[in-house]
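Chemist: Before I ask anything, let me first share the structure, which is written out below as structure tokens.
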Amino acid sequence: MSISIQRPKGTQDVTPAEVYKWHTVEQIVKNCAERFGFKEIRIPTFEDTGLFVRSVGDTTDVVQKEMYTVSATGDSTFTLRPEGTAGTIRAAIENGLLNEGFPQKLYYVLSCFRHEKPQAGRLREFHQFGCEMIGAEGPAADADLIALAKSVIDMTGLKNIELNINSIGCPKCRAEYHKALKSYFNQYKDKLCSTCQERLEKNPMRLLDCKSEEDKAIAADAPVILDYLCDDCHAHFDGLQKNLKLMGIDYKVNPRIVRGLDYYTRTVFEFITTDIGAQGTICGGGRYDGLIECLGGKPAPALGFGMGLERLILTMQKQSCEFMEPKTCDIYIAAMGERAIRESIGIISRFRSEGYFVEYDLVGRGLKAQMKYADKIGAKYVMVLGDNELDSGSAKVKNMKTGEQTDISLGEKMLEDFADRYYETLMAEDEMFRNFVEAFGGEND
RNA sequence: GUGGGUAUAGCGUAGUUGGUUAACGCGUCAGUUUGUGGCACUGAAGACCGUGGGUUCGAAUCCCACUAUCCACCCCA
């Protein structure tokens with residue numbers, strides 16, 4: 001079969017067979033964020049192009065070659081958000097959230113768009129859980145934000161996720177560092193790979209992250225940013241590490257963590273896995289103290305992170321983590337014969353108006369096939385309805401797990417009878433369903 | 001943007017000295033007598049073998065191009 005229209009490159013369909021995985025991480029993420037006092041914010045899918053140019057940075061790859069920009073009528077152009085921070089900060093400024101007291105803690109789950117060549121863990125439309133904290137300057141805020149990301153990862157059940165942290169300083173100390181880097185690498189200019197020769201001019205910090213073996217060897221002895229931090233930045237980074245230790249969060253200082261978005265200052269961090277191929281950064285973030293002012297807000301320190309939901313799910317699958325199983329129907333009504341089918345409609349309605357999850361035959365299956373179907377969809381109970389039952393005013397309800405059957409009256413007391421027998425069992429399963437996330441978190445500690 | 005791999009039913013696969021109705025597993029549907037699922041058995045539906053050219057008496061199988069997809073570089077979540 002050939003379909004003429006297929007999904008755009010780099011996009012994904014999530015079929016019913018897979019959504020429950022999304023429901024799982026969405027619940028976990030929401031749950032964690034709210035336990036840390038973050039409130040959800042929802043922002044537009046597209047923004048004025050200038051917003052991203054100013055915040056993400058006009059020299060970054062993201063802005064230079066990965067944005068989906070459309071020109072609407074007239075002169076303004078809009079861009080599908082390539083990340084969530086810019087829009088969130090814009091919204092915070094625009095809605096006066098910065099005047100409501102600090103810290104302002106916001107989270108979101110949204111899709112982002114980047115025109116890249118797809119590969120494992122990299123899509124053109126991908127989904128991000130993000131948190132932004134505004135107005136907190138001290139390192140305790142950085143540590144708390146990292147703790148939030150860590151608690152999400154723990155709750156998913158993931159293992160072997162490495163936290164890397166670094167400080168890239170403030171604009172002042174970074175300028176010094178850039179000078180030092182340039183003069184260091186200039187000695188080896190001829191030996192560097194071609195892309196690195198370019199990077200030397202544009203963004204020397206990127207050289208530290210080159211994959212080429214020769215460049216790596218050269219970079220090994222390059223000056224380290226941490227030696228160039230000003231006193232304030234140094235103290236901040238120290239403070240962060242102390243807090244992480246107090247929280248019992250393992251980390252590794254990695255001077256090569258650089259981040260590709262211009263707005264970062266001081267703290268940057270990544271949670272990395274090696275389980276899903278080359279794109280192993282599950283979560284990345286850091287501090288961006290200058291961004292708010294840059295976007296026209298009253299100057300305020302801020303920090304945040306983005307977590308890639310696809311990558312999270314990929315890693316969870318790789319590690320065989322558990323997902324919240326989808327809920328299945330409470331009772332399947334199997335009717336046979338014209339009269340019973342007609343009468344069953346009313347019975348089904350009564351169950352449904354009580355809040356039960358009910359299914360019944362809509363495609364004309366025989367009784368046996370209905371039983372089979374009920375089993376397939378995981379129905380917990382099946383009620384068989386035929387002429388005999390209608391005449392006698394009571395029907396058998398079968399427990400599909402144990403196979404045992406009991407009589408339930410079809411009269412006024414039907415719902416009462418059913419509830420007497422099964423309500424507690426059903427509620428117990430329902431409760432398990434609702435508390436899944438918490439239960440999960442508990443197991444991991 | 002650069003490189004490499006792959007392209008056969010809904011899904012996963014088999015199918016090389018090119019040769020009649022393209023095979024298997026899962027799934028779907030229907031049956032295995034009388035009103036009850038999971039197992040087993042039987043049967044059915046479902047593939048223009050990615051697209052377009054070429055070689056040949058004959059191509060899923062060989063050649064070319066294109067497209068899609070995957071992986072990697074780059075970059076990032």
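Quick note on naming: the chains in the structure tokens go A, B, ... in the order shown, residues restart at 1 in each chain, and ligands are numbered from 1 in order of appearance.
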Mind listing the strand (DSSP E) residues of segment 140-210 of chain A, per DSSP on the backbone, as JSON, numbers by chain?

Modeler: {"A": [162, 163, 164, 165, 166, 167]}

Chemist: Excluding segment 47-50 of chain B and its own-chain neighbours fewer than 3 positions away, which residues fall within 10 Å of it when counting only C-alpha atoms (C1' of nucleotides)? Please give them as a JSON list (two decimals) with C-alpha atoms (C1' of nucleotides), in the first residue's frame.

Modeler:
```json
[["chain", "number", "residue", "atom", "x", "y", "z"],
["A", 1, "MET", "CA", 0.00, 0.00, 0.00],
["A", 2, "SER", "CA", 1.36, 3.38, -0.85],
["B", 7, "A", "C1'", 13.68, -0.33, 1.60],
["B", 8, "U", "C1'", 9.15, -7.54, 0.63],
["B", 9, "A", "C1'", 1.31, -7.85, 3.68],
["B", 22, "A", "C1'", 6.32, -14.43, -3.37],
["B", 60, "A", "C1'", 11.83, -9.08, -5.36],
["B", 61, "U", "C1'", 16.58, -11.10, -7.08],
["B", 67, "U", "C1'", 12.52, 9.10, -3.04],
["B", 68, "A", "C1'", 11.83, 7.64, 1.86]]
```

Chemist: Separation of atom CA of Asp221 of chain A and atom CA of Phe185 of chain A, in Å?

Modeler: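 Pair atom CA of Asp221 of chain A / atom CA of Phe185 of chain A returns 10.0 Å.
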
Chemist: Find the spatial neighbours of His127 of chain A, counting only C-alpha atoms (C1' of nucleotides), within a cut-off of 12 Å - ignore same-chain residues fewer than 5 positions away - and output them as a ChimeraX atom specification.

Modeler: /A:11-12,22,25-26,45,81-84,108-114,121-122,282-283,306-313 /B:77

Chemist: Atom CA of Asn164 of chain A and atom CA of Asp142 of chain A are how many Å apart?

Modeler: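 If I compute the distance from atom CA of Asn164 of chain A to atom CA of Asp142 of chain A, I get 13.2 Å.
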
Chemist: For the contact check between chain B and chain A, emit one row per residue of chain B within 8 Å, containing the shortest atom pair and the distance in Å rounded to one decimal, counting only C-alpha atoms (C1' of nucleotides), chain then rising number order, as JSON lines.

Modeler:
```
{"residue": "B:G35", "atom": "C1'", "partner": "A:Leu367", "partner_atom": "CA", "distance": 7.3}
{"residue": "B:U36", "atom": "C1'", "partner": "A:Lys368", "partner_atom": "CA", "distance": 6.3}
{"residue": "B:G37", "atom": "C1'", "partner": "A:Lys372", "partner_atom": "CA", "distance": 4.5}
{"residue": "B:G38", "atom": "C1'", "partner": "A:Asp375", "partner_atom": "CA", "distance": 7.3}
{"residue": "B:A47", "atom": "C1'", "partner": "A:Met1", "partner_atom": "CA", "distance": 7.6}
{"residue": "B:C70", "atom": "C1'", "partner": "A:Gln119", "partner_atom": "CA", "distance": 7.2}
{"residue": "B:C71", "atom": "C1'", "partner": "A:Gln119", "partner_atom": "CA", "distance": 6.7}
{"residue": "B:C75", "atom": "C1'", "partner": "A:Asp61", "partner_atom": "CA", "distance": 6.7}
{"residue": "B:C76", "atom": "C1'", "partner": "A:Gly260", "partner_atom": "CA", "distance": 7.2}
{"residue": "B:A77", "atom": "C1'", "partner": "A:Gly308", "partner_atom": "CA", "distance": 4.0}
```

Chemist: Next, write the just-selected residues to a file, as a compact mmCIF listing (two decimals), in the first residue's frame, keeping N, CA and C atoms (P, O5', C5', C4', C3', O3' and C1' of nucleotides) as the atom set.

Modeler:
```txt
# COMPACT_ATOMS: atom_id res chain seq x y z
P G B 35 -26.47 -21.99 21.96
O5' G B 35 -24.98 -21.54 21.77
C5' G B 35 -23.98 -21.70 22.65
C4' G B 35 -23.88 -20.55 23.64
C3' G B 35 -23.46 -21.03 25.01
O3' G B 35 -22.12 -20.65 25.20
C1' G B 35 -25.18 -19.38 25.13
P U B 36 -20.97 -21.62 25.12
O5' U B 36 -19.71 -20.77 25.58
C5' U B 36 -19.21 -19.73 24.70
C4' U B 36 -18.48 -18.75 25.59
C3' U B 36 -17.59 -19.46 26.61
O3' U B 36 -16.26 -19.05 26.37
C1' U B 36 -18.99 -17.81 27.64
P G B 37 -15.26 -19.81 25.56
O5' G B 37 -14.10 -18.74 25.55
C5' G B 37 -14.08 -17.76 24.51
C4' G B 37 -13.06 -16.72 24.85
C3' G B 37 -11.70 -17.27 25.24
O3' G B 37 -10.94 -17.50 24.08
C1' G B 37 -12.36 -15.60 26.78
P G B 38 -9.94 -18.68 24.01
O5' G B 38 -8.62 -18.14 24.72
C5' G B 38 -7.89 -17.00 24.21
C4' G B 38 -6.92 -16.62 25.31
C3' G B 38 -5.88 -17.69 25.57
O3' G B 38 -4.58 -17.17 25.32
C1' G B 38 -7.01 -17.05 27.58
P A B 47 -3.39 -6.65 -0.87
O5' A B 47 -1.87 -6.84 -0.49
C5' A B 47 -1.16 -5.81 0.23
C4' A B 47 0.23 -5.75 -0.30
C3' A B 47 0.31 -5.82 -1.82
O3' A B 47 0.04 -4.55 -2.42
C1' A B 47 1.91 -7.29 -0.81
P C B 70 13.74 8.05 10.56
O5' C B 70 14.97 7.07 10.80
C5' C B 70 14.77 5.80 11.40
C4' C B 70 16.03 4.98 11.29
C3' C B 70 17.27 5.62 11.91
O3' C B 70 17.33 5.36 13.31
C1' C B 70 17.80 4.80 9.77
P C B 71 17.99 6.45 14.27
O5' C B 71 19.54 6.28 13.95
C5' C B 71 20.25 5.12 14.39
C4' C B 71 21.64 5.10 13.81
C3' C B 71 22.52 6.31 14.10
O3' C B 71 23.10 6.23 15.39
C1' C B 71 22.69 5.73 11.82
P C B 75 29.65 21.43 16.67
O5' C B 75 28.11 21.64 17.03
C5' C B 75 27.46 22.84 16.65
C4' C B 75 25.98 22.64 16.73
C3' C B 75 25.40 22.48 18.12
O3' C B 75 25.23 23.73 18.76
C1' C B 75 24.47 20.87 16.67
P C B 76 25.03 23.85 20.29
O5' C B 76 23.77 22.93 20.56
C5' C B 76 22.60 23.46 21.17
C4' C B 76 21.47 22.50 21.02
C3' C B 76 21.01 21.84 22.31
O3' C B 76 20.03 22.65 22.94
C1' C B 76 21.33 20.18 20.65
P A B 77 19.73 22.56 24.51
O5' A B 77 18.71 21.34 24.56
C5' A B 77 17.75 21.30 25.59
C4' A B 77 17.28 19.87 25.76
C3' A B 77 18.41 18.88 25.60
O3' A B 77 18.98 18.63 26.87
C1' A B 77 16.58 18.27 24.21
```

Chemist: Find the distance between atom CA of Arg256 of chain A and atom CA of Asn166 of chain A and write it in Å to one decimal.

Modeler: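 About the pair atom CA of Arg256 of chain A and atom CA of Asn166 of chain A: they are 7.8 Å apart.
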
Chemist: Would you mind listing what lies within 12 Å of Cys321 of chain A as a short mmCIF file (atom, residue, chain, number, x, y, z; two decimals) with all heavy atoms, in the first residue's frame, with only C-alpha atoms (C1' of nucleotides) counted and same-chain residues fewer than 6 positions away left out?

Modeler:
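Here's the written file result19.cif:
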```
data_model
loop_
_atom_site.label_atom_id
_atom_site.label_comp_id
_atom_site.auth_asym_id
_atom_site.auth_seq_id
_atom_site.Cartn_x
_atom_site.Cartn_y
_atom_site.Cartn_z
N LYS A 21 3.05 5.60 27.44
CA LYS A 21 4.40 5.97 27.86
C LYS A 21 4.50 7.48 28.04
O LYS A 21 5.14 7.97 28.97
CB LYS A 21 5.42 5.51 26.82
CG LYS A 21 5.48 4.00 26.71
CD LYS A 21 6.40 3.54 25.62
CE LYS A 21 6.34 2.02 25.51
NZ LYS A 21 7.04 1.52 24.32
N THR A 24 2.79 8.52 31.14
CA THR A 24 3.64 8.25 32.30
C THR A 24 4.61 9.39 32.56
O THR A 24 4.66 9.94 33.66
CB THR A 24 4.44 6.95 32.09
OG1 THR A 24 3.54 5.89 31.82
CG2 THR A 24 5.25 6.62 33.34
N VAL A 25 5.38 9.77 31.54
CA VAL A 25 6.37 10.81 31.80
C VAL A 25 5.70 12.17 32.03
O VAL A 25 6.19 12.97 32.83
CB VAL A 25 7.43 10.93 30.67
CG1 VAL A 25 8.16 9.61 30.50
CG2 VAL A 25 6.84 11.37 29.37
N ILE A 153 14.23 12.26 36.91
CA ILE A 153 14.97 11.11 36.40
C ILE A 153 14.85 9.92 37.35
O ILE A 153 14.66 8.79 36.92
CB ILE A 153 16.45 11.51 36.18
CG1 ILE A 153 16.52 12.41 34.94
CG2 ILE A 153 17.33 10.29 36.01
CD1 ILE A 153 17.80 13.14 34.77
N ASP A 154 14.93 10.20 38.64
CA ASP A 154 14.79 9.11 39.61
C ASP A 154 13.41 8.48 39.53
O ASP A 154 13.25 7.27 39.62
CB ASP A 154 15.01 9.63 41.03
CG ASP A 154 16.49 9.87 41.30
OD1 ASP A 154 17.32 9.39 40.50
OD2 ASP A 154 16.81 10.54 42.30
N MET A 155 12.41 9.33 39.36
CA MET A 155 11.05 8.80 39.36
C MET A 155 10.75 7.94 38.14
O MET A 155 9.91 7.05 38.19
CB MET A 155 10.06 9.94 39.46
CG MET A 155 8.90 9.60 40.35
SD MET A 155 7.74 10.93 40.45
CE MET A 155 7.93 11.40 42.15
N THR A 156 11.43 8.21 37.07
CA THR A 156 11.23 7.37 35.89
C THR A 156 11.86 5.99 36.08
O THR A 156 11.55 5.07 35.34
CB THR A 156 11.88 7.98 34.63
OG1 THR A 156 13.28 8.15 34.88
CG2 THR A 156 11.27 9.31 34.27
N GLY A 157 12.75 5.90 37.06
CA GLY A 157 13.42 4.63 37.29
C GLY A 157 14.72 4.49 36.52
O GLY A 157 15.34 3.44 36.52
N LEU A 158 15.15 5.54 35.87
CA LEU A 158 16.38 5.47 35.09
C LEU A 158 17.62 5.35 35.99
O LEU A 158 17.67 5.90 37.07
CB LEU A 158 16.52 6.73 34.22
CG LEU A 158 15.60 6.81 33.02
CD1 LEU A 158 15.72 8.17 32.36
CD2 LEU A 158 15.94 5.71 32.03
N LYS A 159 18.58 4.59 35.46
CA LYS A 159 19.85 4.43 36.16
C LYS A 159 20.97 4.94 35.25
O LYS A 159 20.80 5.07 34.05
CB LYS A 159 20.12 2.95 36.46
CG LYS A 159 18.99 2.26 37.18
CD LYS A 159 18.92 2.70 38.64
CE LYS A 159 17.78 1.96 39.36
NZ LYS A 159 17.34 2.67 40.56
N LEU A 312 14.01 10.92 26.91
CA LEU A 312 13.70 10.31 28.20
C LEU A 312 13.02 8.96 27.98
O LEU A 312 13.41 7.94 28.55
CB LEU A 312 12.78 11.26 28.97
CG LEU A 312 12.64 11.03 30.47
CD1 LEU A 312 13.95 11.28 31.17
CD2 LEU A 312 11.57 11.94 31.04
N ILE A 313 12.02 8.96 27.10
CA ILE A 313 11.27 7.73 26.86
C ILE A 313 12.16 6.68 26.19
O ILE A 313 12.11 5.50 26.55
CB ILE A 313 10.02 8.03 26.01
CG1 ILE A 313 9.02 8.84 26.83
CG2 ILE A 313 9.37 6.74 25.52
CD1 ILE A 313 7.83 9.37 26.06
N LEU A 314 12.97 7.11 25.24
CA LEU A 314 13.90 6.19 24.59
C LEU A 314 14.79 5.48 25.61
O LEU A 314 14.97 4.27 25.56
CB LEU A 314 14.80 6.95 23.62
CG LEU A 314 14.34 7.16 22.19
CD1 LEU A 314 15.38 7.96 21.44
CD2 LEU A 314 14.09 5.83 21.51
N THR A 315 15.32 6.28 26.51
CA THR A 315 16.22 5.71 27.51
C THR A 315 15.46 4.78 28.44
O THR A 315 15.95 3.71 28.81
CB THR A 315 16.90 6.82 28.33
OG1 THR A 315 17.31 7.86 27.45
CG2 THR A 315 18.12 6.29 29.05
N PHE A 440 5.73 4.84 42.41
CA PHE A 440 6.96 4.68 41.65
C PHE A 440 8.12 5.40 42.32
O PHE A 440 9.20 4.88 42.48
CB PHE A 440 6.75 5.27 40.26
CG PHE A 440 7.18 4.36 39.19
CD1 PHE A 440 6.81 3.02 39.25
CD2 PHE A 440 7.96 4.81 38.16
CE1 PHE A 440 7.21 2.18 38.26
CE2 PHE A 440 8.36 3.96 37.17
CZ PHE A 440 7.99 2.64 37.22
N ASN A 444 11.99 3.89 44.33
CA ASN A 444 13.34 4.21 43.90
C ASN A 444 14.26 4.69 45.01
O ASN A 444 15.45 4.78 44.81
CB ASN A 444 13.29 5.29 42.82
CG ASN A 444 13.26 4.64 41.47
OD1 ASN A 444 14.22 3.98 41.12
ND2 ASN A 444 12.17 4.79 40.77
#
```

Chemist: As a list in words, please: the residues near segment 343-352 of chain A (cut-off 10 Å, only C-alpha atoms (C1' of nucleotides), same-chain neighbours under 4 positions excluded).

Modeler: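 After dropping sequence-adjacent residues, the list is Asp330, Ile331, Tyr332, Ile333, Ala334, Ala335, Met336, Glu338, Arg339, Tyr356, Phe357, Val358, Glu359, Tyr360, Val384, Leu385, Gly386, Asp387, Leu390, Leu410, Gly411, Met414, Leu415 and Phe418 of chain A.
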
Chemist: Determine which residues of segment 23-162 of chain A DSSP labels as helix (DSSP H, G or I) from the backbone of this structure, then write them out as JSON, numbers by chain.

Modeler: {"A": [23, 24, 25, 26, 27, 28, 29, 30, 31, 32, 33, 34, 35, 49, 50, 51, 52, 53, 54, 55, 56, 61, 62, 63, 64, 65, 85, 86, 87, 88, 89, 90, 91, 92, 93, 94, 97, 98, 99, 139, 140, 141, 142, 143, 144, 145, 146, 147, 148, 149, 150, 151, 152, 153, 154, 155, 156]}

Chemist: For Cys294 of chain A, which residue out of A:Tyr381, A:Phe52, A:Tyr251, A:Tyr68 is the nearest one, using only C-alpha atoms?

Modeler: A:Phe52
